[in-house]
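Chemist: So here's start.txt, just compact mmCIF, C-alpha atoms:
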```
# COMPACT_ATOMS: atom_id res chain seq x y z
CA GLU A 263 1.20 -0.72 22.40
CA CYS A 264 4.10 1.48 21.27
CA ASP A 265 2.05 4.59 20.42
CA THR A 266 1.27 6.73 23.48
CA GLU A 267 -2.01 8.16 22.17
CA ILE A 268 -3.32 4.75 21.08
CA SER A 269 -2.40 3.37 24.51
CA LYS A 270 -4.39 6.15 26.18
CA ALA A 271 -7.38 5.49 23.91
CA ALA A 272 -7.23 1.79 24.70
CA GLU A 273 -7.13 2.46 28.44
CA LEU A 274 -10.12 4.81 28.15
CA ASN A 275 -12.16 2.20 26.25
CA ILE A 276 -11.24 -0.49 28.77
CA ARG A 277 -12.40 1.68 31.68
CA LYS A 278 -15.65 2.60 29.89
CA ASN A 279 -16.39 -1.09 29.48
CA ASN A 280 -15.48 -1.97 33.09
CA LYS A 281 -12.67 -4.31 32.06
CA GLY A 282 -9.91 -2.62 34.03
CA ASN A 283 -9.55 -5.62 36.34
CA GLN A 284 -9.08 -7.97 33.35
CA ILE A 285 -7.00 -6.02 30.83
CA ARG A 286 -3.86 -3.96 31.35
CA VAL A 287 -2.33 -1.79 28.64
CA THR A 288 1.43 -1.32 28.56
CA ASN A 289 2.82 1.61 26.57
CA ALA A 290 6.07 0.07 25.32
CA ASP A 291 7.92 -1.25 22.28
CA VAL A 292 7.23 -5.00 22.25
CA ARG A 293 10.86 -5.61 21.25
CA LYS A 294 11.98 -4.16 24.61
CA PHE A 295 9.11 -5.46 26.73
CA THR A 296 9.82 -7.83 29.63
CA LEU A 297 7.74 -9.81 32.10
CA PRO A 298 8.56 -10.51 35.75
CA ARG A 299 11.09 -13.31 36.07
CA GLY A 300 9.53 -16.75 35.62
CA LEU A 301 6.45 -15.56 33.72
CA VAL A 302 5.96 -16.63 30.09
CA ALA A 303 3.13 -15.66 27.74
CA ASP A 304 0.51 -18.35 27.11
CA VAL A 305 -0.75 -16.72 23.89
CA VAL A 306 0.63 -13.99 21.62
CA ILE A 307 -1.82 -12.39 19.17
CA MET A 308 -0.12 -10.04 16.75
CA GLU A 309 -1.69 -7.97 13.97
CA MET A 310 1.65 -6.70 12.60
CA LEU A 311 1.28 -8.87 9.55
CA ASP A 312 1.73 -8.07 5.88
CA THR A 313 2.55 -9.70 2.56
CA TRP A 314 5.70 -11.86 2.89
CA LEU A 315 6.43 -10.01 6.20
CA ILE A 316 8.30 -7.40 4.14
CA ALA A 317 7.15 -4.16 5.77
CA GLU A 318 5.70 -4.81 9.23
CA GLN A 319 7.76 -5.60 12.33
CA GLN A 320 6.26 -8.96 13.33
CA SER A 321 9.41 -10.97 12.61
CA SER A 322 11.73 -8.78 14.70
CA ALA A 323 9.10 -8.62 17.45
CA ILE A 324 8.85 -12.41 17.66
CA ILE A 325 12.64 -12.78 17.71
CA SER A 326 12.85 -10.21 20.53
CA LEU A 327 10.07 -11.87 22.53
CA ARG A 328 12.00 -15.12 22.41
CA LYS A 329 15.29 -13.42 23.27
CA ASN A 330 13.64 -11.67 26.24
CA VAL A 331 12.10 -14.99 27.38
CA ILE A 332 8.54 -13.71 26.94
CA ILE A 333 7.64 -16.72 24.77
CA ASN A 334 8.80 -20.31 24.58
CA LYS A 335 7.89 -23.43 22.60
CA GLN A 336 4.67 -23.83 24.57
CA THR A 337 3.41 -20.29 23.76
CA THR A 338 0.61 -20.23 21.20
CA LEU A 339 1.35 -17.74 18.41
CA LEU A 340 -1.55 -16.32 16.39
CA PRO A 341 -0.72 -16.48 13.55
CA ASP A 342 2.12 -18.99 13.68
CA LYS A 343 3.00 -19.53 10.00
CA VAL A 344 3.04 -17.46 6.81
CA ASN A 345 3.05 -19.03 3.34
CA ARG A 346 4.74 -16.94 0.61
CA LEU A 347 3.42 -17.30 -2.94
CA LEU A 348 4.44 -15.74 -6.28
CA ARG A 349 3.12 -15.70 -9.82
CA VAL A 350 4.24 -13.92 -13.01
CA VAL A 351 2.00 -11.33 -14.68
CA LYS A 352 1.73 -8.51 -17.16
CA TYR A 353 0.61 -5.38 -15.28
CA ASP A 354 -0.61 -2.01 -16.52
CA PHE A 355 1.62 0.52 -14.73
CA ASN A 356 0.14 3.50 -16.61
CA PHE A 357 -1.38 5.89 -14.07
CA TYR A 358 -2.91 9.23 -15.10
CA GLY A 359 -0.96 9.21 -18.36
CA PHE A 360 2.40 8.34 -16.77
CA ASN A 361 4.27 5.05 -16.93
CA LEU A 362 5.01 4.32 -13.25
CA PRO A 363 6.50 0.86 -12.67
CA ILE A 364 6.27 0.95 -8.87
CA VAL A 365 5.34 -1.48 -6.11
CA VAL A 366 1.54 -1.58 -5.93
CA GLN A 367 -0.18 -2.77 -2.77
CA ALA A 368 -3.57 -3.90 -4.07
CA ARG A 369 -5.62 -2.45 -1.21
CA ASN A 370 -8.66 -1.94 -3.40
CA TYR A 371 -10.30 -3.85 -6.18
CA GLY A 372 -9.33 -1.16 -8.71
CA ALA A 373 -5.73 -2.37 -8.58
CA ARG A 374 -6.51 -5.98 -9.48
CA PRO A 375 -8.02 -5.37 -12.97
CA ARG A 376 -4.67 -3.84 -13.98
CA ILE A 377 -3.33 -7.39 -14.15
CA LYS A 378 -3.70 -7.79 -17.90
CA THR A 379 -2.33 -11.31 -18.31
CA VAL A 380 -1.43 -14.06 -15.84
CA TYR A 381 1.55 -16.10 -17.08
CA SER A 382 1.94 -18.69 -14.33
CA LYS A 383 0.19 -20.32 -11.43
CA PHE A 384 1.18 -19.29 -7.91
CA HIS A 385 4.46 -20.91 -6.86
CA ASP A 386 5.58 -21.47 -3.28
CA PHE A 387 8.57 -19.47 -2.01
CA GLY A 388 8.44 -21.22 1.34
CA THR A 389 6.76 -20.93 4.72
CA VAL A 390 7.90 -18.66 7.55
CA GLU A 391 7.42 -20.60 10.78
CA LEU A 392 7.40 -17.91 13.44
CA HIS A 393 8.24 -20.31 16.27
CA HIS A 394 11.49 -21.19 14.46
CA LEU A 395 12.37 -17.71 13.22
CA THR A 396 15.92 -16.62 14.13
CA SER A 397 16.78 -14.03 11.47
CA THR A 398 15.00 -11.32 9.49
CA ARG A 399 17.20 -11.81 6.41
CA VAL A 400 15.66 -13.71 3.51
CA GLY A 401 17.32 -15.07 0.40
CA GLY A 402 16.49 -17.77 -2.10
CA THR A 403 15.39 -18.75 -5.58
CA ILE A 404 12.12 -19.88 -7.09
CA ASP A 405 11.58 -21.54 -10.47
CA VAL A 406 8.39 -20.56 -12.28
CA GLU A 407 6.95 -22.33 -15.32
CA ILE A 408 5.46 -19.98 -17.92
CA GLN A 409 2.07 -21.09 -19.26
CA LYS A 410 1.63 -18.88 -22.33
CA VAL A 411 3.46 -16.74 -24.91
CA GLY A 412 3.80 -13.00 -24.34
CA LYS A 413 5.67 -10.39 -22.31
CA ILE A 414 5.96 -10.20 -18.55
CA ASN A 415 6.80 -7.11 -16.50
CA ALA A 416 5.84 -7.94 -12.91
CA VAL A 417 5.33 -10.56 -10.24
CA GLU A 418 2.38 -10.77 -7.87
CA LEU A 419 3.18 -11.64 -4.26
CA ARG A 420 0.60 -13.20 -1.97
CA SER A 421 0.59 -14.53 1.58
CA ASP A 422 -1.63 -17.07 3.27
CA ILE A 423 -1.49 -17.29 7.04
CA LEU A 424 -2.02 -20.23 9.36
CA MET A 425 -3.53 -20.14 12.84
CA LEU A 426 -3.90 -23.33 14.86
CA GLY A 427 -3.56 -25.37 11.69
CA LYS A 428 -6.24 -23.45 9.77
CA GLN A 429 -5.26 -21.55 6.60
CA TYR A 430 -6.56 -18.08 5.73
CA VAL A 431 -6.04 -16.42 2.34
CA SER A 432 -5.10 -12.80 1.72
CA THR A 433 -7.67 -9.98 1.60
CA THR A 434 -7.59 -6.44 0.22
CA ASP A 435 -6.79 -5.16 3.72
CA MET A 436 -4.62 -7.83 5.36
CA ASN A 437 -1.80 -9.49 3.41
CA MET A 438 -3.17 -7.80 0.32
CA PRO A 439 -1.65 -8.91 -3.03
CA VAL A 440 1.41 -6.87 -3.96
CA ILE A 441 2.57 -6.19 -7.52
CA VAL A 442 6.34 -5.79 -7.93
CA PRO A 443 7.77 -4.63 -11.28
CA VAL A 444 10.54 -6.76 -12.81
CA LYS A 445 12.55 -6.46 -16.00
CA GLU A 446 10.28 -6.83 -19.02
CA ARG A 447 10.92 -10.05 -20.89
CA ALA A 448 9.39 -11.98 -23.78
CA VAL A 449 8.42 -15.47 -22.64
CA SER A 450 7.16 -18.68 -24.22
CA LYS A 451 4.95 -21.51 -23.02
CA GLY A 452 6.86 -24.12 -21.00
CA GLN A 453 9.79 -21.81 -20.32
CA ILE A 454 11.24 -21.86 -16.81
CA LEU A 455 12.21 -18.55 -15.23
CA ARG A 456 14.38 -18.55 -12.13
CA PHE A 457 13.86 -15.62 -9.76
CA ASN A 458 16.51 -14.66 -7.20
CA ILE A 459 14.84 -12.96 -4.26
CA SER A 460 16.28 -11.26 -1.18
CA TYR A 461 14.94 -8.87 1.44
CA VAL A 462 15.03 -8.03 5.13
CA MET A 463 11.75 -8.61 6.95
CA GLY A 464 10.49 -5.38 8.48
CA LYS A 465 12.71 -3.13 6.35
CA GLY A 466 10.10 -2.41 3.68
CA PHE A 467 10.04 -2.82 -0.07
CA SER A 468 13.23 -0.82 -0.55
CA SER A 469 15.08 -3.89 0.73
CA LEU A 470 13.34 -6.24 -1.72
CA LYS A 471 15.53 -7.34 -4.65
CA ILE A 472 14.17 -9.56 -7.43
CA SER A 473 16.19 -10.59 -10.46
CA GLN A 474 15.36 -13.18 -13.11
CA ARG A 475 16.93 -15.38 -15.72
CA ALA A 476 15.69 -18.06 -18.08
CA ASN A 477 16.79 -21.65 -17.39
```
For this file, produce the structure as structure tokens.

Modeler:
Amino acid sequence: ECDTEISKAAELNIRKNNKGNQIRVTNADVRKFTLPRGLVADVVIMEMLDTWLIAEQQSSAIISLRKNVIINKQTTLLPDKVNRLLRVVKYDFNFYGFNLPIVVQARNYGARPRIKTVYSKFHDFGTVELHHLTSTRVGGTIDVEIQKVGKINAVELRSDILMLGKQYVSTTDMNMPVIVPVKERAVSKGQILRFNISYVMGKGFSSLKISQRAN
């Protein structure tokens, strides 16, 4: 645990529950953490997980754990894979009388009804396999087929995670859907839009770039 106060609270709770001989808390940045020579982690459980791994530090942490020989191919990672999904929508960005086309993390159910029209099914932008992760830089394209006539102004990002082969969908608290504004465009049924997407995992939504063009 990187935060000193959280580490102290964890140690206090461990002592109160008489688990001091089973659990040890280390106050350190996991990216700089090391084990005694020859020791490798059997299991790594990491909560630093968010939609598309854009904001949290899980990707850089996993890369550092491998670099510092804390994990190897035999280490069980929980989770071990993240599926990235995208669909095209029309979103109501009017808040309190202001037009605010900003990134919206749908942490509560009030954010979801602002999706006024869904223009495509969810399309797969690829799976992040944490055991094979070597870089935090992401770049690629995704082709999306439009299913109805209208105007789009946003994409909805979603992540599903996999643990030991079992898939878990996003919730309003973990991997919550994220609405990202894009250039408004009139679309027609059957049209294919190509989205160019790039970002750096762990750098936040300021690093996320999404552009579009019709094929």

Chemist: Within 9 Å of (-8.8, -7.0, 1.6), in the coordinates the file gives, what residues turn up when you count all atoms listed in the file, written out as a ChimeraX atom specification?

Modeler: /A:368-371,432-439

Chemist: Just to be explicit: take each residue in the selection above, keep C-alpha atoms, and write the result as a compact mmCIF listing (two decimals), keeping the file's coordinate frame.

Modeler:
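again_39.txt, written as the output of this step:
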```
# COMPACT_ATOMS: atom_id res chain seq x y z
CA ALA A 368 -3.57 -3.90 -4.07
CA ARG A 369 -5.62 -2.45 -1.21
CA ASN A 370 -8.66 -1.94 -3.40
CA TYR A 371 -10.30 -3.85 -6.18
CA SER A 432 -5.10 -12.80 1.72
CA THR A 433 -7.67 -9.98 1.60
CA THR A 434 -7.59 -6.44 0.22
CA ASP A 435 -6.79 -5.16 3.72
CA MET A 436 -4.62 -7.83 5.36
CA ASN A 437 -1.80 -9.49 3.41
CA MET A 438 -3.17 -7.80 0.32
CA PRO A 439 -1.65 -8.91 -3.03
```

Chemist: Kindly give the distance, in Å, that separates atom CA of A:Phe387 and atom CA of A:Arg293, rounded to a single decimal.

Modeler: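 Atom CA of A:Arg293 lies 27.2 Å from atom CA of A:Phe387.
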
Chemist: Do a neighbour search on A:Val380 at 7 Å with only C-alpha atoms, toss out local chain neighbours closer than 2 positions, and write the hits as a list in words.

Modeler: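 Contacts, with the query itself left out: Val350, Val351, Lys352, Lys378 and Ser382 of chain A.
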
Chemist: Name all residues at most 10 Å from stretch 315-320 of chain A (count all atoms listed in the file; drop same-chain ones fewer than 3 positions away) and give them as an NGL selection string.

Modeler: :A and (292-293 or 308-312 or 323-326 or 344 or 346 or 390 or 392 or 398 or 400 or 421 or 437 or 461-470)

Chemist: Which is closest to A:Thr403 among A:Ile285, A:Leu455, A:Met425, A:Val442, if we use all atoms listed in the file?

Modeler: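 Closest to A:Thr403, using all atoms listed in the file: A:Leu455.
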
Chemist: Please identify all polymer residues within 8 Å of A:Leu419, counting all atoms listed in the file, omitting same-chain residues fewer than 3 positions from it, and present them as a PyMOL selection string.

Modeler: chain A and resi 313-314+346-349+439-442

Chemist: Box for stretch 263-269 of chain A: with edges along x, y and z, all listed atoms inside and 4 Å added on each side, what are the centre and edge lengths in Å to one decimal, as AutoDock Vina command-line options?

Modeler:
```
--center_x 0.4 --center_y 3.7 --center_z 22.5 --size_x 15.4 --size_y 16.9 --size_z 12.1
```

Chemist: What is the atom CA of A:Ser473-atom CA of A:Asn458 distance in Å, reported with one decimal?

Modeler: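 About the pair atom CA of A:Ser473 and atom CA of A:Asn458: they are 5.2 Å apart.
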
Chemist: What gap, in Å, lies between atom CA of A:Leu339 and atom CA of A:Arg277?

Modeler: 27.2 Å

Chemist: Would you mind completing stretch 310-321 of chain A so that it carries all heavy atoms, and writing it out as a short mmCIF file (atom, residue, chain, number, x, y, z; two decimals), in the frame of the given file?

Modeler:
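Output contents, as saved in rebuild_31.cif:
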```cif
data_model
loop_
_atom_site.label_atom_id
_atom_site.label_comp_id
_atom_site.auth_asym_id
_atom_site.auth_seq_id
_atom_site.Cartn_x
_atom_site.Cartn_y
_atom_site.Cartn_z
N MET A 310 0.60 -7.28 13.46
CA MET A 310 1.65 -6.70 12.60
C MET A 310 2.03 -7.70 11.51
O MET A 310 3.07 -8.34 11.54
CB MET A 310 2.88 -6.34 13.42
CG MET A 310 2.65 -5.20 14.38
SD MET A 310 4.19 -4.56 15.07
CE MET A 310 4.85 -5.99 15.89
N LEU A 311 1.15 -7.83 10.55
CA LEU A 311 1.28 -8.87 9.55
C LEU A 311 1.05 -8.26 8.17
O LEU A 311 0.11 -7.50 7.97
CB LEU A 311 0.23 -9.95 9.81
CG LEU A 311 0.32 -11.25 9.04
CD1 LEU A 311 1.56 -12.03 9.44
CD2 LEU A 311 -0.92 -12.08 9.30
N ASP A 312 1.92 -8.56 7.24
CA ASP A 312 1.73 -8.07 5.88
C ASP A 312 2.30 -9.06 4.89
O ASP A 312 2.85 -10.09 5.28
CB ASP A 312 2.36 -6.68 5.69
CG ASP A 312 3.87 -6.72 5.75
OD1 ASP A 312 4.42 -7.64 6.40
OD2 ASP A 312 4.53 -5.87 5.13
N THR A 313 2.15 -8.78 3.61
CA THR A 313 2.55 -9.70 2.56
C THR A 313 4.03 -10.03 2.66
O THR A 313 4.89 -9.14 2.63
CB THR A 313 2.23 -9.09 1.19
OG1 THR A 313 0.85 -8.72 1.17
CG2 THR A 313 2.50 -10.09 0.07
N TRP A 314 4.33 -11.33 2.80
CA TRP A 314 5.70 -11.86 2.89
C TRP A 314 6.46 -11.31 4.10
O TRP A 314 7.67 -11.43 4.18
CB TRP A 314 6.46 -11.58 1.59
CG TRP A 314 6.11 -12.48 0.45
CD1 TRP A 314 4.88 -12.99 0.14
CD2 TRP A 314 6.99 -12.98 -0.56
NE1 TRP A 314 4.92 -13.76 -0.99
CE2 TRP A 314 6.21 -13.77 -1.44
CE3 TRP A 314 8.34 -12.84 -0.80
CZ2 TRP A 314 6.76 -14.42 -2.55
CZ3 TRP A 314 8.88 -13.48 -1.90
CH2 TRP A 314 8.10 -14.26 -2.77
N LEU A 315 5.78 -10.62 5.02
CA LEU A 315 6.43 -10.01 6.20
C LEU A 315 7.50 -9.01 5.78
O LEU A 315 8.50 -8.84 6.49
CB LEU A 315 7.03 -11.09 7.11
CG LEU A 315 6.04 -12.09 7.71
CD1 LEU A 315 6.77 -13.18 8.48
CD2 LEU A 315 5.03 -11.39 8.62
N ILE A 316 7.28 -8.31 4.67
CA ILE A 316 8.30 -7.40 4.14
C ILE A 316 8.34 -6.08 4.91
O ILE A 316 9.42 -5.57 5.22
CB ILE A 316 8.06 -7.15 2.64
CG1 ILE A 316 8.31 -8.43 1.84
CG2 ILE A 316 8.96 -6.03 2.11
CD1 ILE A 316 7.94 -8.33 0.37
N ALA A 317 7.18 -5.51 5.22
CA ALA A 317 7.15 -4.16 5.77
C ALA A 317 6.93 -4.10 7.28
O ALA A 317 7.58 -3.31 7.98
CB ALA A 317 6.07 -3.34 5.05
N GLU A 318 6.02 -4.89 7.81
CA GLU A 318 5.70 -4.81 9.23
C GLU A 318 6.78 -5.46 10.09
O GLU A 318 7.65 -6.17 9.60
CB GLU A 318 4.34 -5.47 9.50
CG GLU A 318 3.16 -4.75 8.87
CD GLU A 318 2.62 -3.62 9.74
OE1 GLU A 318 3.34 -3.18 10.66
OE2 GLU A 318 1.49 -3.18 9.48
N GLN A 319 6.69 -5.22 11.41
CA GLN A 319 7.76 -5.60 12.33
C GLN A 319 7.50 -6.92 13.08
O GLN A 319 8.14 -7.19 14.09
CB GLN A 319 7.96 -4.49 13.37
CG GLN A 319 8.32 -3.15 12.76
CD GLN A 319 9.66 -3.18 12.06
OE1 GLN A 319 10.62 -3.78 12.56
NE2 GLN A 319 9.75 -2.54 10.91
N GLN A 320 6.60 -7.75 12.58
CA GLN A 320 6.26 -8.96 13.33
C GLN A 320 7.46 -9.88 13.53
O GLN A 320 7.64 -10.45 14.61
CB GLN A 320 5.14 -9.73 12.64
CG GLN A 320 4.69 -10.95 13.45
CD GLN A 320 3.33 -11.45 13.03
OE1 GLN A 320 2.84 -11.11 11.98
NE2 GLN A 320 2.70 -12.23 13.87
N SER A 321 8.28 -10.04 12.50
CA SER A 321 9.41 -10.97 12.61
C SER A 321 10.40 -10.53 13.69
O SER A 321 10.81 -11.34 14.54
CB SER A 321 10.13 -11.08 11.26
OG SER A 321 10.50 -9.80 10.78
#
```
